[in-house]
file my_file-v2.txt (compact mmCIF, C-alpha atoms)
# COMPACT_ATOMS: atom_id res chain seq x y z
CA MET A 1 91.95 102.65 103.49
CA GLU A 2 90.66 100.60 100.57
CA ASP A 3 92.32 101.18 97.20
CA ASP A 4 89.00 102.04 95.56
CA GLU A 5 88.50 104.86 98.09
CA TRP A 6 91.77 106.62 97.20
CA GLU A 7 91.77 109.61 94.89
CA PRO A 8 94.93 111.29 93.64
CA PRO A 9 95.54 114.70 95.24
CA LYS A 10 94.93 117.78 93.15
CA ILE A 11 98.38 119.17 92.46
CA LEU A 12 99.35 121.87 89.97
CA LEU A 13 102.76 121.77 88.24
CA ALA A 14 104.66 124.97 87.55
CA VAL A 15 108.12 126.09 86.44
CA ASP A 16 110.31 128.90 87.79
CA LEU A 17 113.47 130.31 86.25
CA VAL A 18 116.59 131.67 87.93
CA ILE A 19 118.47 133.57 85.21
CA LEU A 20 121.80 135.04 86.34
CA THR A 21 124.19 137.33 84.51
CA LEU A 22 126.92 139.89 85.21
CA ARG A 23 126.05 143.49 84.47
CA GLU A 24 128.27 146.41 85.47
CA ALA A 25 130.50 143.96 87.39
CA ARG A 26 127.58 142.88 89.58
CA LEU A 27 125.78 139.55 89.71
CA GLN A 28 122.17 140.17 88.72
CA VAL A 29 119.03 138.03 88.53
CA LEU A 30 116.08 138.37 86.18
CA LEU A 31 112.80 139.30 87.89
CA VAL A 32 109.31 140.14 86.71
CA LYS A 33 106.72 142.29 88.43
CA ARG A 34 103.53 140.31 88.72
CA GLY A 35 100.55 141.80 86.92
CA ILE A 36 97.96 139.41 88.39
CA GLU A 37 97.01 137.99 91.77
CA PRO A 38 98.33 136.52 93.94
CA TYR A 39 101.12 138.93 94.87
CA ARG A 40 100.10 141.44 92.23
CA GLY A 41 102.76 144.16 92.02
CA ALA A 42 105.41 142.04 93.77
CA PHE A 43 108.66 140.92 92.17
CA ALA A 44 108.96 137.24 91.32
CA LEU A 45 110.93 134.84 89.17
CA PRO A 46 109.72 134.33 85.61
CA GLY A 47 107.57 131.21 85.44
CA GLY A 48 104.10 129.77 85.36
CA PHE A 49 101.99 126.66 84.99
CA LEU A 50 102.20 124.04 82.26
CA CYS A 51 99.68 124.94 79.57
CA ASP A 52 98.27 121.38 79.46
CA GLU A 53 99.09 117.78 80.43
CA HIS A 54 100.98 117.22 77.18
CA GLU A 55 103.55 120.03 77.53
CA ASP A 56 107.11 119.00 78.34
CA ILE A 57 108.40 120.61 81.56
CA GLU A 58 111.53 122.17 80.06
CA ALA A 59 109.49 123.32 77.06
CA ALA A 60 107.17 125.07 79.51
CA ALA A 61 110.17 126.77 81.13
CA ARG A 62 111.39 128.06 77.77
CA ARG A 63 107.91 129.22 76.82
CA GLU A 64 107.53 131.15 80.07
CA LEU A 65 110.98 132.71 79.65
CA SER A 66 110.00 133.93 76.20
CA GLU A 67 106.49 135.07 77.16
CA GLU A 68 107.40 136.86 80.40
CA ALA A 69 110.83 138.29 79.60
CA GLY A 70 111.34 138.02 75.85
CA LEU A 71 114.48 135.88 76.19
CA ALA A 72 115.36 132.81 74.14
CA ASP A 73 118.33 130.57 73.31
CA VAL A 74 119.44 130.40 76.96
CA HIS A 75 120.92 127.13 78.25
CA LEU A 76 118.78 125.83 81.13
CA GLU A 77 119.65 123.21 83.74
CA GLU A 78 117.35 121.82 86.38
CA LEU A 79 117.95 123.43 89.77
CA GLY A 80 115.47 121.68 92.05
CA VAL A 81 111.86 120.84 92.87
CA TYR A 82 109.90 122.96 95.37
CA GLY A 83 106.60 121.63 96.65
CA GLU A 84 106.05 122.48 100.30
CA PRO A 85 102.36 122.80 101.25
CA GLY A 86 101.30 126.43 101.52
CA ARG A 87 103.95 127.85 99.21
CA ASP A 88 101.22 129.12 96.85
CA PRO A 89 97.85 130.49 98.06
CA ARG A 90 96.12 129.06 94.96
CA GLY A 91 96.51 125.50 96.20
CA ARG A 92 99.08 122.74 96.22
CA VAL A 93 101.63 123.79 93.62
CA VAL A 94 104.86 121.96 92.86
CA SER A 95 107.45 123.97 90.95
CA VAL A 96 110.40 122.66 88.94
CA ALA A 97 113.06 125.38 88.99
CA TYR A 98 115.61 125.88 86.22
CA LEU A 99 118.89 127.80 86.31
CA ALA A 100 120.71 129.68 83.55
CA ILE A 101 124.04 131.48 83.94
CA ALA A 102 125.06 133.50 80.91
CA PRO A 103 127.08 136.62 80.04
CA SER A 104 125.80 139.72 78.26
CA LEU A 105 122.10 138.95 78.36
CA PRO A 106 119.91 141.72 76.86
CA GLU A 107 117.34 143.86 78.60
CA PRO A 108 114.21 141.77 79.26
CA ILE A 109 110.84 142.63 77.75
CA ALA A 110 107.78 142.05 79.92
CA GLY A 111 104.84 140.23 78.40
CA THR A 112 101.64 138.24 79.13
CA ASP A 113 100.88 138.45 82.88
CA ALA A 114 104.09 140.31 83.82
CA ALA A 115 103.71 144.04 84.41
CA ASP A 116 107.46 144.61 84.11
CA ALA A 117 110.74 142.72 83.80
CA CYS A 118 114.17 143.82 84.98
CA TRP A 119 117.61 142.79 86.15
CA MET A 120 118.22 143.20 89.88
CA SER A 121 121.51 142.89 91.75
CA VAL A 122 121.65 139.95 94.12
CA GLU A 123 123.01 142.05 96.97
CA ASP A 124 119.89 144.23 96.86
CA LEU A 125 117.73 141.14 96.64
CA LEU A 126 119.25 138.90 99.28
CA SER A 127 119.78 141.72 101.75
CA GLY A 128 116.01 141.68 102.29
CA ARG A 129 115.43 145.17 100.87
CA VAL A 130 113.19 143.75 98.14
CA GLY A 131 110.29 141.43 98.98
CA LEU A 132 109.56 138.54 96.65
CA ALA A 133 106.43 136.55 95.91
CA PHE A 134 105.96 132.92 96.99
CA ASP A 135 109.18 131.18 98.15
CA HIS A 136 111.27 132.71 95.39
CA ASP A 137 113.87 134.08 97.80
CA ARG A 138 114.74 130.48 98.69
CA ILE A 139 114.88 129.40 95.04
CA ILE A 140 117.12 132.34 94.14
CA GLY A 141 119.40 131.56 97.08
CA ASP A 142 119.75 127.99 95.84
CA GLY A 143 120.47 129.23 92.31
CA ILE A 144 123.17 131.64 93.49
CA GLU A 145 124.84 128.91 95.52
CA ARG A 146 124.81 126.61 92.47
CA ALA A 147 126.47 129.39 90.44
CA ARG A 148 129.12 129.87 93.11
CA VAL A 149 129.89 126.16 93.17
CA LYS A 150 130.17 126.15 89.38
CA LEU A 151 132.86 128.82 89.58
CA GLU A 152 134.76 126.65 92.04
CA HIS A 153 134.74 123.54 89.86
CA THR A 154 134.39 124.69 86.24
CA ALA A 155 135.87 127.24 83.82
CA LEU A 156 132.55 129.14 83.67
CA ALA A 157 134.16 132.41 84.81
CA THR A 158 136.05 132.83 81.54
CA ALA A 159 132.72 133.05 79.69
CA PHE A 160 132.12 136.40 81.43
CA CYS A 161 135.41 137.85 80.16
CA GLY A 162 136.36 139.02 76.70
CA GLU A 163 138.26 136.90 74.20
CA THR A 164 141.42 138.04 75.98
CA PHE A 165 141.52 139.21 79.58
CA THR A 166 143.79 139.90 82.53
CA ILE A 167 143.95 138.01 85.80
CA SER A 168 142.38 141.10 87.38
CA ASP A 169 139.42 140.86 84.96
CA LEU A 170 138.93 137.21 85.93
CA GLN A 171 139.19 138.05 89.63
CA GLN A 172 136.39 140.62 89.27
CA VAL A 173 134.10 137.86 87.97
CA TYR A 174 134.81 135.66 90.98
CA GLU A 175 134.35 138.55 93.40
CA ALA A 176 131.01 139.51 91.83
CA VAL A 177 129.58 135.98 91.88
CA TRP A 178 131.01 134.89 95.23
CA GLY A 179 130.33 138.24 96.92
CA VAL A 180 133.82 138.35 98.44
CA ARG A 181 137.06 140.28 98.23
CA LEU A 182 139.94 138.15 97.04
CA ASP A 183 143.62 138.59 97.74
CA PRO A 184 145.24 139.16 94.30
CA ARG A 185 148.36 137.11 95.06
CA ASN A 186 146.42 134.11 96.36
CA PHE A 187 144.00 134.35 93.45
CA TYR A 188 146.84 134.46 90.93
CA ARG A 189 148.44 131.40 92.53
CA LYS A 190 145.17 129.43 92.43
CA VAL A 191 144.41 130.36 88.83
CA LYS A 192 147.89 129.40 87.66
CA GLY A 193 147.64 126.16 89.65
CA ALA A 194 144.45 125.07 87.86
CA ARG A 195 145.91 123.19 84.90
CA GLY A 196 144.55 124.29 81.52
CA PHE A 197 142.25 126.95 82.99
CA ILE A 198 143.78 129.93 81.18
CA ILE A 199 146.52 130.33 78.56
CA PRO A 200 148.82 133.36 78.07
CA VAL A 201 148.51 135.01 74.66
CA GLY A 202 151.95 136.63 74.59
CA SER A 203 150.90 140.26 74.75
CA LEU A 204 150.39 142.90 77.42
CA GLN A 205 147.56 145.27 78.28
CA ARG A 206 149.09 148.72 78.79
CA PRO A 207 146.88 150.93 81.00
CA GLU A 208 147.30 154.71 81.12
CA ASN A 209 148.50 154.41 84.71
CA GLY A 210 150.14 151.48 86.41
CA ARG A 211 152.13 148.48 85.25
CA PRO A 212 151.31 146.53 82.05
CA ALA A 213 149.24 143.38 82.67
CA ARG A 214 149.67 140.09 80.85
CA LEU A 215 146.74 138.93 78.72
CA PHE A 216 145.23 135.45 78.77
CA LYS A 217 142.52 133.48 76.98
CA ALA A 218 140.30 130.61 78.09
CA GLY A 219 142.09 127.27 78.22
CA PRO A 220 140.89 123.89 76.94
CA VAL A 221 139.60 122.44 80.20
CA GLN A 222 136.03 122.75 81.49
CA VAL A 223 136.51 121.08 84.90
CA LEU A 224 139.16 122.64 87.15
CA HIS A 225 141.83 120.55 88.87
CA PRO A 226 142.33 121.60 91.59
CA PRO A 227 139.10 123.58 92.07
CA MET A 228 139.06 127.29 92.96
CA ALA A 229 138.02 126.87 96.61
CA ARG A 230 136.21 129.71 98.40
CA SER A 231 137.35 128.68 101.88
CA THR A 232 140.12 131.28 102.19
CA SER A 233 138.12 134.17 100.73
CA VAL A 234 137.46 137.26 102.84
CA PRO A 235 133.73 138.11 103.17
CA SER A 236 132.81 141.46 101.67
CA GLU A 237 130.07 143.83 102.79
CA VAL A 238 127.95 142.37 99.97
CA GLN A 239 128.33 138.81 101.27
CA VAL A 240 127.51 139.88 104.84
CA ALA A 241 124.35 141.63 103.57
CA GLN A 242 123.37 138.59 101.51
CA GLU A 243 123.84 136.16 104.39
CA GLY A 244 121.80 138.43 106.64
CA GLY A 245 118.99 138.49 104.09
CA LEU A 246 119.00 134.71 103.76
CA ARG A 247 118.76 134.24 107.53
CA SER A 248 115.89 136.71 107.96
call {"tool": "encode", "arguments": {"input": "my_file-v2.txt", "output": "structure tokens"}}
result
Amino acid sequence: MEDDEWEPPKILLAVDLVILTLREARLQVLLVKRGIEPYRGAFALPGGFLCDEHEDIEAAARRELSEEAGLADVHLEELGVYGEPGRDPRGRVVSVAYLAIAPSLPEPIAGTDAADACWMSVEDLLSGRVGLAFDHDRIIGDGIERARVKLEHTALATAFCGETFTISDLQQVYEAVWGVRLDPRNFYRKVKGARGFIIPVGSLQRPENGRPARLFKAGPVQVLHPPMARSTSVPSEVQVAQEGGLRS
């Protein structure tokens, strides 16, 4: 083919956002209900097209997050690029997906072309009980796996606890994000073995029933050595449901 016969393909560029938080001790993802076609009425990730050829991609992601869910000041990191032919019935669309993992995010507010916005637990989502638009189930699966890896290698879990917390509080964060049940003794050993992960504060939490629990605060390190490996975790009913949804 001669060079002067070639024309660039018509490709649209979009952004999608996987926003994860813990609510009521459950890992939840932000979804919007689409108010326009295609997939009108279906749940989807917040996102949309760049407004013009001059808009920065991350700026577009932040704009869509604000317009569709009313959220701002959320740290975003690039998750991946999704561009398989046929993923969008409107034509060839390549999407740059971003991930945010943050504690205590507020209730979303739907806007622009979103009919509604809500938090949804990942076990309900990945079990297959809720259908999603486009290939957003795949994108969410990738985002959840990234979050799980982050808990293995970084001190992110302490951000979901209070200023002071017990080992049991920290374990609940790992169980919610990983979707597993953890043996308390093994978890305690791993946490204490990760140098600089947590620091005792010299006081005890005294519950109404049971033994007092020692309180800790986040330590100075951000990268865990050794990491909190998932390999010895026991799958919970949630994890089994999630894996079944991902395979379907």
call {"tool": "residues_around", "arguments": {"input": "my_file-v2.txt", "residues": "Asp88 of chain A", "least_positions_apart": "5", "cutoff": "9 Å", "atoms": "all atoms listed in the file", "output": "PDB file with C-alpha atoms, keeping the file's coordinate frame"}}
result
ATOM      1  CA  PRO A  38      98.330 136.520  93.940  1.00  0.00           C
ATOM      2  CA  VAL A  93     101.630 123.790  93.620  1.00  0.00           C
ATOM      3  CA  VAL A  94     104.860 121.960  92.860  1.00  0.00           C
ATOM      4  CA  PHE A 134     105.960 132.920  96.990  1.00  0.00           C
ATOM      5  CA  ASP A 135     109.180 131.180  98.150  1.00  0.00           C
TER       6      ASP A 135
END
call {"tool": "residues_around", "arguments": {"input": "my_file-v2.txt", "residues": "Glu175 of chain A", "least_positions_apart": "4", "cutoff": "9 Å", "atoms": "only C-alpha atoms", "output": "PyMOL selection string"}}
result
chain A and resi 25-26+170-171+179-182+236
call {"tool": "residues_around", "arguments": {"input": "my_file-v2.txt", "residues": "Arg189 of chain A", "least_positions_apart": "6", "cutoff": "12 Å", "atoms": "only C-alpha atoms", "output": "PDB file with C-alpha atoms, in the coordinates of the input"}}
result
ATOM      1  CA  ILE A 167     143.950 138.010  85.800  1.00  0.00           C
ATOM      2  CA  GLN A 171     139.190 138.050  89.630  1.00  0.00           C
ATOM      3  CA  LEU A 182     139.940 138.150  97.040  1.00  0.00           C
ATOM      4  CA  ASP A 183     143.620 138.590  97.740  1.00  0.00           C
ATOM      5  CA  ARG A 195     145.910 123.190  84.900  1.00  0.00           C
ATOM      6  CA  PRO A 226     142.330 121.600  91.590  1.00  0.00           C
ATOM      7  CA  MET A 228     139.060 127.290  92.960  1.00  0.00           C
TER       8      MET A 228
END
call {"tool": "closest_residue", "arguments": {"input": "my_file-v2.txt", "among": "A:Lys150, A:His75, A:Arg211, A:His225", "to": "Leu99 of chain A", "atoms": "all atoms listed in the file"}}
result
A:His75
call {"tool": "residues_around", "arguments": {"input": "my_file-v2.txt", "residues": "Glu68 of chain A", "least_positions_apart": "6", "cutoff": "8 Å", "atoms": "all atoms listed in the file", "output": "VMD selection string"}}
result
chain A and resid 32 46 to 47 109 to 114 117
call {"tool": "atom_distance", "arguments": {"input": "my_file-v2.txt", "atom1": "atom CA of Val173 of chain A", "atom2": "atom CA of Leu76 of chain A"}}
result
20.6 Å
call {"tool": "atom_distance", "arguments": {"input": "my_file-v2.txt", "atom1": "atom CA of Ala60 of chain A", "atom2": "atom CA of Gly80 of chain A"}}
result
15.4 Å
call {"tool": "closest_residue", "arguments": {"input": "my_file-v2.txt", "among": "A:Gln222, A:Thr21, A:Ser104, A:Gln28", "to": "Ser121 of chain A", "atoms": "all atoms listed in the file"}}
result
A:Gln28
call {"tool": "residues_around", "arguments": {"input": "my_file-v2.txt", "residues": "Glu152 of chain A", "least_positions_apart": "6", "cutoff": "10 Å", "atoms": "only C-alpha atoms", "output": "ChimeraX atom specification"}}
result
/A:146,174,178,223-230
call {"tool": "closest_residue", "arguments": {"input": "my_file-v2.txt", "among": "A:Ala44, A:Met120, A:Leu12, A:Ala69", "to": "Leu27 of chain A", "atoms": "all atoms listed in the file"}}
result
A:Met120
call {"tool": "closest_residue", "arguments": {"input": "my_file-v2.txt", "among": "A:Glu37, A:Glu77, A:Glu58, A:Asp52", "to": "Ile19 of chain A", "atoms": "all atoms listed in the file"}}
result
A:Glu77
call {"tool": "closest_residue", "arguments": {"input": "my_file-v2.txt", "among": "A:Pro108, A:Ala176, A:Gly162, A:Trp6", "to": "Glu123 of chain A", "atoms": "all atoms listed in the file"}}
result
A:Ala176
call {"tool": "residues_near_point", "arguments": {"input": "my_file-v2.txt", "point": "(109.9, 121.8, 100.5)", "cutoff": "12 Å", "atoms": "all atoms listed in the file", "output": "MDAnalysis selection string"}}
result
chainID A and resid 80:88 92:96 135 138:139
